[in-house]
$ cat final.txt   # compact mmCIF, C-alpha atoms and all ligand atoms
# COMPACT_ATOMS: atom_id res chain seq x y z
CA MET A 242 2.27 -6.82 25.78
CA LYS A 243 1.46 -10.46 26.53
CA LEU A 244 1.76 -12.59 23.42
CA SER A 245 -0.58 -15.51 22.67
CA SER A 246 0.96 -18.98 22.30
CA GLN A 247 0.68 -18.73 18.50
CA GLN A 248 2.33 -15.32 18.47
CA GLN A 249 5.15 -16.72 20.62
CA GLU A 250 5.52 -19.64 18.21
CA VAL A 251 5.84 -17.24 15.26
CA ARG A 252 8.55 -15.27 17.07
CA ARG A 253 10.37 -18.52 17.95
CA LEU A 254 10.29 -19.76 14.36
CA LEU A 255 11.43 -16.38 13.04
CA LYS A 256 14.44 -16.59 15.32
CA GLU A 257 15.15 -20.20 14.41
CA ARG A 258 15.02 -19.43 10.69
CA ARG A 259 16.78 -16.08 11.05
CA ALA A 260 13.79 -14.53 9.30
CA ILE A 261 11.94 -11.26 9.70
CA LEU A 262 8.24 -10.57 9.54
CA LEU A 263 7.07 -7.53 7.59
CA ALA A 264 3.46 -6.46 8.02
CA HIS A 265 1.45 -3.92 6.06
CA ASN A 266 -0.40 -1.23 8.01
CA TYR A 267 -3.72 -2.87 7.04
CA GLN A 268 -2.89 -6.28 8.56
CA PRO A 269 -4.87 -7.68 11.53
CA GLY A 270 -3.67 -6.32 14.90
CA GLU A 271 -2.41 -9.73 16.12
CA ILE A 272 0.02 -9.81 13.20
CA GLN A 273 1.00 -6.14 13.44
CA ASP A 274 1.88 -6.72 17.10
CA ILE A 275 4.60 -9.28 16.34
CA ALA A 276 6.01 -7.73 13.16
CA ASP A 277 9.65 -6.68 12.95
CA PHE A 278 8.59 -3.84 10.67
CA LEU A 279 5.26 -2.23 9.88
CA GLY A 280 4.69 0.06 6.96
CA ASP A 281 3.33 0.66 3.48
CA SER A 282 4.21 -1.65 0.62
CA LEU A 283 7.23 0.18 -0.74
CA ALA A 284 8.74 0.96 2.66
CA LEU A 285 8.44 -2.70 3.61
CA SER A 286 10.09 -3.85 0.38
CA MET A 287 12.93 -1.41 0.91
CA THR A 288 13.32 -2.73 4.44
CA ALA A 289 13.44 -6.25 3.01
CA ALA A 290 16.24 -5.19 0.67
CA GLU A 291 18.26 -3.61 3.49
CA THR A 292 17.93 -6.29 6.15
CA ALA A 293 20.59 -8.92 6.77
CA ALA A 294 17.87 -11.58 7.18
CA GLU A 295 17.71 -14.10 4.37
CA VAL A 296 14.07 -15.04 4.82
CA ILE A 297 11.29 -12.45 4.66
CA VAL A 298 7.75 -13.33 5.69
CA PHE A 299 5.62 -10.72 3.97
CA CYS A 300 2.18 -10.16 5.48
CA GLY A 301 0.40 -8.15 2.85
CA VAL A 302 -1.14 -8.90 -0.56
CA HIS A 303 0.53 -10.65 -3.49
CA PHE A 304 1.87 -7.64 -5.41
CA MET A 305 3.61 -6.41 -2.26
CA ALA A 306 5.58 -9.64 -1.84
CA GLU A 307 6.42 -9.43 -5.55
CA THR A 308 7.82 -5.93 -5.02
CA ALA A 309 10.04 -7.31 -2.26
CA ALA A 310 11.17 -10.08 -4.65
CA ILE A 311 11.98 -7.41 -7.28
CA LEU A 312 14.15 -5.48 -4.83
CA CYS A 313 15.90 -8.45 -3.18
CA PRO A 314 16.03 -11.47 -5.51
CA GLU A 315 18.71 -13.17 -3.44
CA LYS A 316 16.37 -13.49 -0.45
CA THR A 317 13.55 -15.91 0.20
CA VAL A 318 10.27 -14.00 0.23
CA LEU A 319 7.38 -15.95 1.73
CA LEU A 320 3.71 -15.01 1.41
CA PRO A 321 1.68 -16.95 4.01
CA ARG A 322 -1.23 -17.52 1.57
CA LEU A 323 -1.71 -17.39 -2.19
CA ASP A 324 -5.28 -16.07 -2.28
CA LEU A 325 -4.22 -12.51 -1.55
CA GLY A 326 -5.15 -10.58 -4.65
CA CYS A 327 -5.76 -6.86 -4.96
CA CYS A 328 -8.62 -5.66 -7.19
CA LEU A 329 -6.65 -2.53 -8.09
CA ALA A 330 -3.50 -4.40 -9.15
CA GLU A 331 -5.65 -6.90 -11.08
CA SER A 332 -7.41 -4.16 -13.07
CA VAL A 333 -4.41 -3.90 -15.40
CA THR A 334 -2.80 -6.78 -17.24
CA THR A 335 0.30 -6.70 -19.41
CA ALA A 336 -1.76 -7.41 -22.54
CA LYS A 337 -4.18 -4.55 -21.84
CA LEU A 338 -1.36 -2.17 -21.04
CA LEU A 339 0.59 -3.05 -24.18
CA ALA A 340 -2.54 -2.46 -26.27
CA ARG A 341 -3.06 0.98 -24.69
CA LYS A 342 0.62 1.86 -25.13
CA ALA A 343 0.34 1.03 -28.83
CA GLU A 344 -2.44 3.62 -29.09
CA LEU A 345 -0.30 6.20 -27.28
CA PRO A 346 3.18 6.11 -28.83
CA GLY A 347 5.75 8.15 -26.92
CA VAL A 348 3.47 8.71 -23.90
CA PRO A 349 5.27 7.68 -20.69
CA VAL A 350 3.52 5.25 -18.38
CA VAL A 351 3.52 6.05 -14.66
CA THR A 352 2.51 2.98 -12.68
CA TYR A 353 1.36 2.93 -9.09
CA VAL A 354 3.30 0.40 -7.02
CA ASN A 355 -0.04 -1.36 -6.43
CA SER A 356 0.47 -3.37 -9.61
CA THR A 357 2.01 -6.67 -10.67
CA ALA A 358 5.70 -7.06 -11.47
CA ALA A 359 4.82 -7.77 -15.12
CA VAL A 360 2.94 -4.47 -15.40
CA LYS A 361 5.75 -2.56 -13.67
CA ALA A 362 8.12 -4.08 -16.25
CA GLU A 363 6.14 -2.42 -19.07
CA SER A 364 6.17 0.97 -17.32
CA ASP A 365 8.52 3.93 -17.52
CA VAL A 366 8.41 4.85 -13.86
CA CYS A 367 6.56 3.79 -10.73
CA CYS A 368 4.95 6.00 -8.11
CA THR A 369 3.42 5.64 -4.67
CA SER A 370 0.46 7.51 -3.23
CA ALA A 371 3.00 9.63 -1.33
CA ASN A 372 5.12 10.67 -4.32
CA ALA A 373 2.71 10.53 -7.31
CA ILE A 374 2.68 14.31 -7.74
CA ARG A 375 6.46 14.54 -7.47
CA VAL A 376 6.91 11.79 -10.06
CA VAL A 377 4.50 13.49 -12.49
CA ASN A 378 6.26 16.83 -11.95
CA SER A 379 9.59 15.22 -12.82
CA LEU A 380 8.48 14.18 -16.31
CA ALA A 381 9.18 16.33 -19.36
CA ALA A 382 6.38 14.88 -21.52
CA PRO A 383 3.18 16.88 -22.15
CA ARG A 384 1.02 13.76 -21.62
CA VAL A 385 1.38 10.73 -19.37
CA LEU A 386 -0.69 7.62 -18.78
CA MET A 387 -1.20 6.79 -15.10
CA VAL A 388 -2.17 3.22 -14.22
CA PRO A 389 -4.04 1.62 -12.62
CA ASP A 390 -5.72 3.89 -10.06
CA GLN A 391 -7.93 6.52 -11.70
CA ASN A 392 -8.50 8.27 -8.37
CA LEU A 393 -4.77 8.67 -7.73
CA ALA A 394 -4.35 9.91 -11.33
CA ARG A 395 -7.12 12.50 -10.89
CA TYR A 396 -5.63 13.59 -7.58
CA ALA A 397 -2.20 14.03 -9.23
CA ALA A 398 -3.78 15.92 -12.15
CA ARG A 399 -5.47 18.28 -9.74
CA HIS A 400 -2.36 18.99 -7.70
CA THR A 401 0.50 18.96 -10.18
CA ALA A 402 2.17 22.31 -10.75
CA LYS A 403 2.81 21.38 -14.39
CA GLU A 404 0.92 21.83 -17.64
CA ILE A 405 0.54 18.14 -18.22
CA GLU A 406 -2.32 15.97 -19.40
CA ILE A 407 -2.80 12.87 -17.26
CA LEU A 408 -4.59 10.04 -19.00
CA THR A 409 -6.30 7.66 -16.60
CA TRP A 410 -6.89 3.89 -16.49
CA GLU A 411 -10.17 2.31 -15.56
CA GLY A 412 -9.03 0.92 -12.22
CA TRP A 413 -9.71 1.64 -8.59
CA CYS A 414 -9.48 0.11 -5.14
CA ASN A 415 -12.96 -1.12 -4.17
CA VAL A 416 -12.22 -0.41 -0.50
CA HIS A 417 -11.23 3.24 -0.87
CA ASP A 418 -13.41 4.08 -3.85
CA GLY A 419 -16.42 2.64 -2.00
CA LEU A 420 -16.27 5.29 0.71
CA SER A 421 -19.09 7.74 0.00
CA PRO A 422 -19.27 11.49 0.73
CA GLU A 423 -22.49 10.81 2.69
CA GLU A 424 -20.67 8.45 5.06
CA VAL A 425 -17.94 11.03 5.59
CA LEU A 426 -20.46 13.82 6.23
CA GLU A 427 -22.33 11.63 8.72
CA CYS A 428 -19.11 10.84 10.59
CA LYS A 429 -18.09 14.50 10.56
CA ALA A 430 -21.49 15.46 12.00
CA ALA A 431 -21.05 12.87 14.78
CA HIS A 432 -17.49 14.08 15.53
CA PRO A 433 -17.39 17.77 14.66
CA GLN A 434 -13.98 18.29 16.31
CA ALA A 435 -12.29 15.60 14.27
CA LEU A 436 -10.01 16.25 11.29
CA PHE A 437 -10.76 14.12 8.25
CA LEU A 438 -7.67 12.49 6.71
CA ALA A 439 -8.26 10.84 3.33
CA HIS A 440 -6.13 8.52 1.20
CA PRO A 441 -5.62 9.55 -2.47
CA GLU A 442 -7.25 6.26 -3.55
CA CYS A 443 -10.60 7.67 -2.34
CA ASN A 444 -12.90 9.13 -4.97
CA PRO A 445 -12.67 12.89 -5.78
CA GLU A 446 -15.96 13.73 -4.01
CA VAL A 447 -14.56 12.27 -0.78
CA LEU A 448 -11.18 13.98 -1.26
CA ASP A 449 -13.05 17.29 -1.56
CA LEU A 450 -14.19 16.81 2.04
CA ALA A 451 -10.72 16.06 3.41
CA ASP A 452 -8.78 18.31 5.76
CA GLU A 453 -5.64 16.48 4.67
CA ILE A 454 -4.96 14.03 1.83
CA ARG A 455 -2.20 11.63 2.84
CA SER A 456 -0.73 8.23 2.07
CA THR A 457 -0.78 5.74 4.95
CA SER A 458 2.75 6.69 6.00
CA GLY A 459 1.78 10.35 5.63
CA MET A 460 -1.24 9.84 7.91
CA LEU A 461 0.87 8.16 10.59
CA LYS A 462 3.36 11.04 10.54
CA TYR A 463 0.68 13.71 10.42
CA VAL A 464 -1.20 12.36 13.43
CA LEU A 465 2.00 11.95 15.48
CA GLU A 466 2.93 15.59 14.88
CA SER A 467 -0.54 17.11 15.11
CA PRO A 468 -1.75 18.85 18.26
CA GLU A 469 -5.31 17.80 17.32
CA LYS A 470 -6.94 15.03 19.33
CA GLU A 471 -9.58 13.50 17.05
CA PHE A 472 -9.29 12.13 13.53
CA ILE A 473 -11.58 10.50 10.99
CA ILE A 474 -9.44 8.04 9.07
CA GLY A 475 -10.31 7.71 5.39
CA THR A 476 -8.39 4.55 4.62
CA GLU A 477 -8.48 0.85 5.48
CA LYS A 478 -9.39 0.32 9.14
CA GLY A 479 -6.32 -1.77 10.02
CA ILE A 480 -4.20 1.36 10.29
CA ILE A 481 -6.24 2.50 13.31
CA HIS A 482 -4.62 -0.27 15.40
CA ARG A 483 -1.21 1.34 14.92
CA LEU A 484 -2.53 4.90 15.22
CA ARG A 485 -4.02 4.06 18.63
CA GLN A 486 -0.81 2.42 19.83
CA GLU A 487 1.36 5.33 18.72
CA ASN A 488 -1.02 8.03 19.92
CA PRO A 489 -2.59 7.09 23.27
CA GLY A 490 -4.98 9.85 24.25
CA LYS A 491 -6.00 10.63 20.65
CA LEU A 492 -9.28 9.37 19.20
CA PHE A 493 -9.79 7.74 15.81
CA TYR A 494 -12.98 7.08 13.90
CA SER A 495 -13.59 5.09 10.74
CA PRO A 496 -16.28 6.67 8.55
CA SER A 497 -17.49 3.36 7.08
CA LYS A 498 -17.92 -0.26 8.11
CA ARG A 499 -16.83 -1.18 4.59
CA LEU A 500 -13.28 0.19 4.86
CA ILE A 501 -11.91 -3.33 5.17
CA CYS A 502 -9.62 -5.00 2.65
CA ARG A 503 -10.68 -8.66 2.82
CA PRO A 504 -7.51 -10.15 1.29
CA MET A 505 -5.41 -8.21 3.82
CA LYS A 506 -7.39 -9.78 6.63
CA ARG A 507 -7.11 -13.39 5.40
CA ILE A 508 -3.65 -14.09 6.81
CA THR A 509 -3.84 -15.88 10.16
CA LEU A 510 -1.12 -16.73 12.67
CA THR A 511 -1.55 -20.38 11.61
CA ASP A 512 -0.70 -19.35 8.02
CA VAL A 513 2.42 -17.53 9.23
CA ILE A 514 3.53 -20.56 11.30
CA LYS A 515 3.03 -22.87 8.29
CA ALA A 516 4.90 -20.47 6.01
CA LEU A 517 7.90 -20.61 8.34
CA GLN A 518 7.70 -24.36 8.98
CA GLU A 519 7.18 -25.39 5.37
CA ASN A 520 8.89 -22.52 3.53
CA ARG A 521 5.69 -21.64 1.78
CA HIS A 522 4.71 -19.80 -0.44
CA GLN A 523 7.87 -18.54 -2.00
CA ILE A 524 7.32 -15.56 -4.29
CA THR A 525 9.71 -15.12 -7.19
CA VAL A 526 9.71 -12.96 -10.30
CA PRO A 527 11.25 -14.19 -13.58
CA GLU A 528 14.58 -12.42 -14.02
CA GLU A 529 13.70 -10.87 -17.37
CA ILE A 530 10.62 -9.22 -15.82
CA ARG A 531 12.34 -8.40 -12.54
CA VAL A 532 15.14 -6.42 -14.15
CA ARG A 533 12.74 -4.23 -16.14
CA ALA A 534 10.37 -3.78 -13.20
CA LEU A 535 13.31 -2.79 -11.02
CA LYS A 536 14.25 -0.07 -13.51
CA ALA A 537 10.80 1.52 -13.16
CA VAL A 538 11.08 1.39 -9.36
CA GLU A 539 14.62 2.81 -9.42
CA ARG A 540 13.55 5.68 -11.69
CA MET A 541 10.93 6.56 -9.08
CA LEU A 542 13.48 6.41 -6.27
CA ALA A 543 15.77 8.74 -8.26
CA VAL A 544 13.12 11.51 -8.42
CA PRO A 545 14.42 14.26 -6.13
CA ARG A 546 12.50 14.96 -2.93
CA ASP A 547 11.02 18.46 -2.58
S1 LIG B 601 -6.82 -1.70 0.22
FE1 LIG B 601 -7.31 -1.65 -1.96
S2 LIG B 601 -5.38 -1.17 -3.01
FE2 LIG B 601 -4.88 -1.84 -0.90
S3 LIG B 601 -4.51 -4.03 -1.10
FE3 LIG B 601 -6.67 -3.80 -0.53
S4 LIG B 601 -7.77 -3.78 -2.50
FE4 LIG B 601 -5.60 -3.42 -2.95
$ encode --input "final.txt" --output "structure tokens" --more "lines below"
Ligand code: SF4
Amino acid sequence: MKLSSQQQEVRRLLKERRAILLAHNYQPGEIQDIADFLGDSLALSMTAAETAAEVIVFCGVHFMAETAAILCPEKTVLLPRLDLGCCLAESVTTAKLLARKAELPGVPVVTYVNSTAAVKAESDVCCTSANAIRVVNSLAAPRVLMVPDQNLARYAARHTAKEIEILTWEGWCNVHDGLSPEEVLECKAAHPQALFLAHPECNPEVLDLADEIRSTSGMLKYVLESPEKEFIIGTEKGIIHRLRQENPGKLFYSPSKRLICRPMKRITLTDVIKALQENRHQITVPEEIRVRALKAVERMLAVPRD
């Protein structure tokens, strides 16, 4: 692939600074194409922790860079811009969570990794969209509070094998929750051969229409292994760039024009160049918060795989 002059400059600076570039699956294609690693937020943070590089340029939203800073405090984690919020992560604050916990003494809190470090620090265990059911199944309590994504909590409640009450939080991702069943049905009618893959952050009515419910990493794996040729992708559109590259000959359709995460798309190559040239914007987590947040992440990682 021929790189643009800005892409070449990013690669040159990465080499000069002995840095690596991590890009989320929802990033613009021009950034995905020059990333050292592509993936979902937790996989990228774990990659950051394992790499020998001392500088990590994290192309994703703010909470993702924070997760990398939780896992590898000795490294420099750079976020190319600061205006990269996530409506889901912002739907829960420490103060609100502490107030809810006070109303629910003894009820464990399961927190989706799409949350701030401060909220993770007040949680018992984290989960991802790929392991939410496994994490819930691992808990002995009869009731748990799942924050912040109510759609993920409902999905886990529906699919857990346990007798467990899952209390939800009033939070959702505007991008995934905004996908309507009508849009999916219209896309299915236009592409009757296509399988519909939906992300657990979609609303329950959309999940009811799915052939498969998968996290982003689960979708990538599923499509690679599937003999099917056409797929409707019920998650943020950016992932289709990678799906097309990894699966030439297969066809991908997005069911809605609105499946775009604006903050994810704000990072430009100019921002990445400036981040490397000026060491900006370094993301750190206060040690007292980091240690407690790390415990919640480590408890999740200790949950046995099926
Ligand atoms: S797609 Fe949704 S959950 Fe993911 S970063 Fe964007 S707003 Fe947050």
$ closest_residue --input "final.txt" --among "A:Leu517, A:Ile405, A:Val376, A:Trp410" --to "A:Pro545" --atoms "all atoms listed in the file"
A:Val376
$ atom_distance --input "final.txt" --atom1 "atom CA of A:Leu380" --atom2 "atom CA of A:Thr357"
22.5 Å
$ residues_near_ligand --input "final.txt" --ligand "ligand LIG 601 (chain B)" --cutoff "7 Å" --atoms "only C-alpha atoms and all ligand atoms" --output "list in words"
Val302, Cys327, Cys328, Leu329, Ala330, Asn355, Cys414, Asn415, Val416, His417, Glu477, Cys502, Pro504 and Met505 of chain A
$ atom_distance --input "final.txt" --atom1 "atom CA of A:Glu257" --atom2 "atom CA of A:Leu323"
23.8 Å
$ closest_residue --input "final.txt" --among "A:Thr409, A:Ser495, A:Ser245, A:Ser356" --to "A:Lys429" --atoms "all atoms listed in the file"
A:Ser495
$ residues_around --input "final.txt" --residues "A:Val464" --least-positions-apart "2" --cutoff "10 Å" --atoms "all atoms listed in the file" --output "CSV table (one decimal) with C-alpha atoms, in the frame of the given file"
chain,number,residue,atom,x,y,z
A,436,LEU,CA,-10.0,16.2,11.3
A,438,LEU,CA,-7.7,12.5,6.7
A,459,GLY,CA,1.8,10.4,5.6
A,460,MET,CA,-1.2,9.8,7.9
A,461,LEU,CA,0.9,8.2,10.6
A,462,LYS,CA,3.4,11.0,10.5
A,466,GLU,CA,2.9,15.6,14.9
A,467,SER,CA,-0.5,17.1,15.1
A,468,PRO,CA,-1.8,18.8,18.3
A,469,GLU,CA,-5.3,17.8,17.3
A,470,LYS,CA,-6.9,15.0,19.3
A,471,GLU,CA,-9.6,13.5,17.0
A,472,PHE,CA,-9.3,12.1,13.5
A,484,LEU,CA,-2.5,4.9,15.2
A,487,GLU,CA,1.4,5.3,18.7
A,488,ASN,CA,-1.0,8.0,19.9
A,491,LYS,CA,-6.0,10.6,20.6
$ residues_around --input "final.txt" --residues "stretch 248-255 of chain A" --least-positions-apart "5" --cutoff "8 Å" --atoms "only C-alpha atoms" --output "PDB file with C-alpha atoms, keeping the file's coordinate frame"
ATOM      1  CA  ALA A 260      13.790 -14.530   9.300  1.00  0.00           C
ATOM      2  CA  ILE A 261      11.940 -11.260   9.700  1.00  0.00           C
ATOM      3  CA  LEU A 262       8.240 -10.570   9.540  1.00  0.00           C
ATOM      4  CA  GLU A 271      -2.410  -9.730  16.120  1.00  0.00           C
ATOM      5  CA  ILE A 272       0.020  -9.810  13.200  1.00  0.00           C
ATOM      6  CA  ILE A 275       4.600  -9.280  16.340  1.00  0.00           C
ATOM      7  CA  LEU A 510      -1.120 -16.730  12.670  1.00  0.00           C
ATOM      8  CA  VAL A 513       2.420 -17.530   9.230  1.00  0.00           C
ATOM      9  CA  ILE A 514       3.530 -20.560  11.300  1.00  0.00           C
ATOM     10  CA  LEU A 517       7.900 -20.610   8.340  1.00  0.00           C
ATOM     11  CA  GLN A 518       7.700 -24.360   8.980  1.00  0.00           C
TER      12      GLN A 518
END
$ residues_around --input "final.txt" --residues "A:Thr317" --least-positions-apart "3" --cutoff "8 Å" --atoms "only C-alpha atoms" --output "PDB file with C-alpha atoms, in the frame of the given file"
ATOM      1  CA  GLU A 295      17.710 -14.100   4.370  1.00  0.00           C
ATOM      2  CA  VAL A 296      14.070 -15.040   4.820  1.00  0.00           C
ATOM      3  CA  ILE A 297      11.290 -12.450   4.660  1.00  0.00           C
ATOM      4  CA  ALA A 310      11.170 -10.080  -4.650  1.00  0.00           C
ATOM      5  CA  PRO A 314      16.030 -11.470  -5.510  1.00  0.00           C
ATOM      6  CA  GLN A 523       7.870 -18.540  -2.000  1.00  0.00           C
ATOM      7  CA  ILE A 524       7.320 -15.560  -4.290  1.00  0.00           C
TER       8      ILE A 524
END
$ residues_around --input "final.txt" --residues "A:Glu307" --least-positions-apart "5" --cutoff "12 Å" --atoms "all atoms listed in the file" --output "PyMOL selection string"
chain A and resi 282-283+285-286+289+297-302+312-314+316-320+323+325-326+330+354-361+522-527+530-531+534-535
$ closest_residue --input "final.txt" --among "A:Arg485, A:Lys478, A:Lys256, A:Arg399" --to "A:Ser497" --atoms "all atoms listed in the file"
A:Lys478
$ atom_distance --input "final.txt" --atom1 "atom CA of A:Val385" --atom2 "atom CA of A:Arg533"
19.1 Å
$ closest_residue --input "final.txt" --among "A:Asn372, A:Thr476, A:Asn378, A:Gln434" --to "A:Thr401" --atoms "all atoms listed in the file"
A:Asn378
$ residues_around --input "final.txt" --residues "A:His265" --least-positions-apart "3" --cutoff "6 Å" --atoms "only C-alpha atoms" --output "PyMOL selection string"
chain A and resi 268+279-281+301
$ closest_residue --input "final.txt" --among "A:Ala343, A:Leu263, A:Ala290, A:Ala516" --to "A:Asp277" --atoms "only C-alpha atoms"
A:Leu263
$ decode --input "final.txt" --residues "stretch 401-442 of chain A" --atoms "C-alpha atoms" --output "mmCIF file, in the first residue's frame"
data_model
loop_
_atom_site.group_PDB
_atom_site.id
_atom_site.type_symbol
_atom_site.label_atom_id
_atom_site.label_comp_id
_atom_site.auth_asym_id
_atom_site.auth_seq_id
_atom_site.Cartn_x
_atom_site.Cartn_y
_atom_site.Cartn_z
ATOM 1 C CA THR A 401 -26.523 -15.821 31.735
ATOM 2 C CA ALA A 402 -26.970 -19.409 32.846
ATOM 3 C CA LYS A 403 -27.323 -18.266 36.465
ATOM 4 C CA GLU A 404 -30.214 -17.274 38.693
ATOM 5 C CA ILE A 405 -28.979 -13.752 39.162
ATOM 6 C CA GLU A 406 -30.674 -10.382 39.161
ATOM 7 C CA ILE A 407 -28.828 -7.801 37.078
ATOM 8 C CA LEU A 408 -29.546 -4.217 38.025
ATOM 9 C CA THR A 409 -28.930 -1.770 35.203
ATOM 10 C CA TRP A 410 -27.578 1.783 34.952
ATOM 11 C CA GLU A 411 -29.142 4.474 32.834
ATOM 12 C CA GLY A 412 -26.365 4.625 30.252
ATOM 13 C CA TRP A 413 -25.953 3.678 26.634
ATOM 14 C CA CYS A 414 -23.808 4.339 23.592
ATOM 15 C CA ASN A 415 -25.671 6.805 21.352
ATOM 16 C CA VAL A 416 -24.105 5.225 18.265
ATOM 17 C CA HIS A 417 -25.170 1.635 18.909
ATOM 18 C CA ASP A 418 -28.388 2.373 20.760
ATOM 19 C CA GLY A 419 -29.465 4.664 17.910
ATOM 20 C CA LEU A 420 -29.634 1.805 15.418
ATOM 21 C CA SER A 421 -33.317 1.016 14.897
ATOM 22 C CA PRO A 422 -34.975 -2.327 14.071
ATOM 23 C CA GLU A 423 -36.539 -0.635 11.014
ATOM 24 C CA GLU A 424 -33.109 0.238 9.615
ATOM 25 C CA VAL A 425 -31.949 -3.332 10.144
ATOM 26 C CA LEU A 426 -35.064 -4.781 8.499
ATOM 27 C CA GLU A 427 -34.640 -2.445 5.525
ATOM 28 C CA CYS A 428 -31.011 -3.493 5.102
ATOM 29 C CA LYS A 429 -31.936 -7.160 5.449
ATOM 30 C CA ALA A 430 -34.608 -6.747 2.756
ATOM 31 C CA ALA A 431 -32.026 -5.128 0.436
ATOM 32 C CA HIS A 432 -29.471 -7.901 1.134
ATOM 33 C CA PRO A 433 -31.459 -11.046 1.885
ATOM 34 C CA GLN A 434 -28.365 -13.292 1.706
ATOM 35 C CA ALA A 435 -26.464 -11.326 4.313
ATOM 36 C CA LEU A 436 -26.011 -12.410 7.933
ATOM 37 C CA PHE A 437 -26.692 -9.686 10.477
ATOM 38 C CA LEU A 438 -23.984 -9.358 13.148
ATOM 39 C CA ALA A 439 -24.881 -7.073 16.050
ATOM 40 C CA HIS A 440 -22.830 -5.619 18.902
ATOM 41 C CA PRO A 441 -24.218 -6.128 22.452
ATOM 42 C CA GLU A 442 -24.358 -2.330 22.880
#
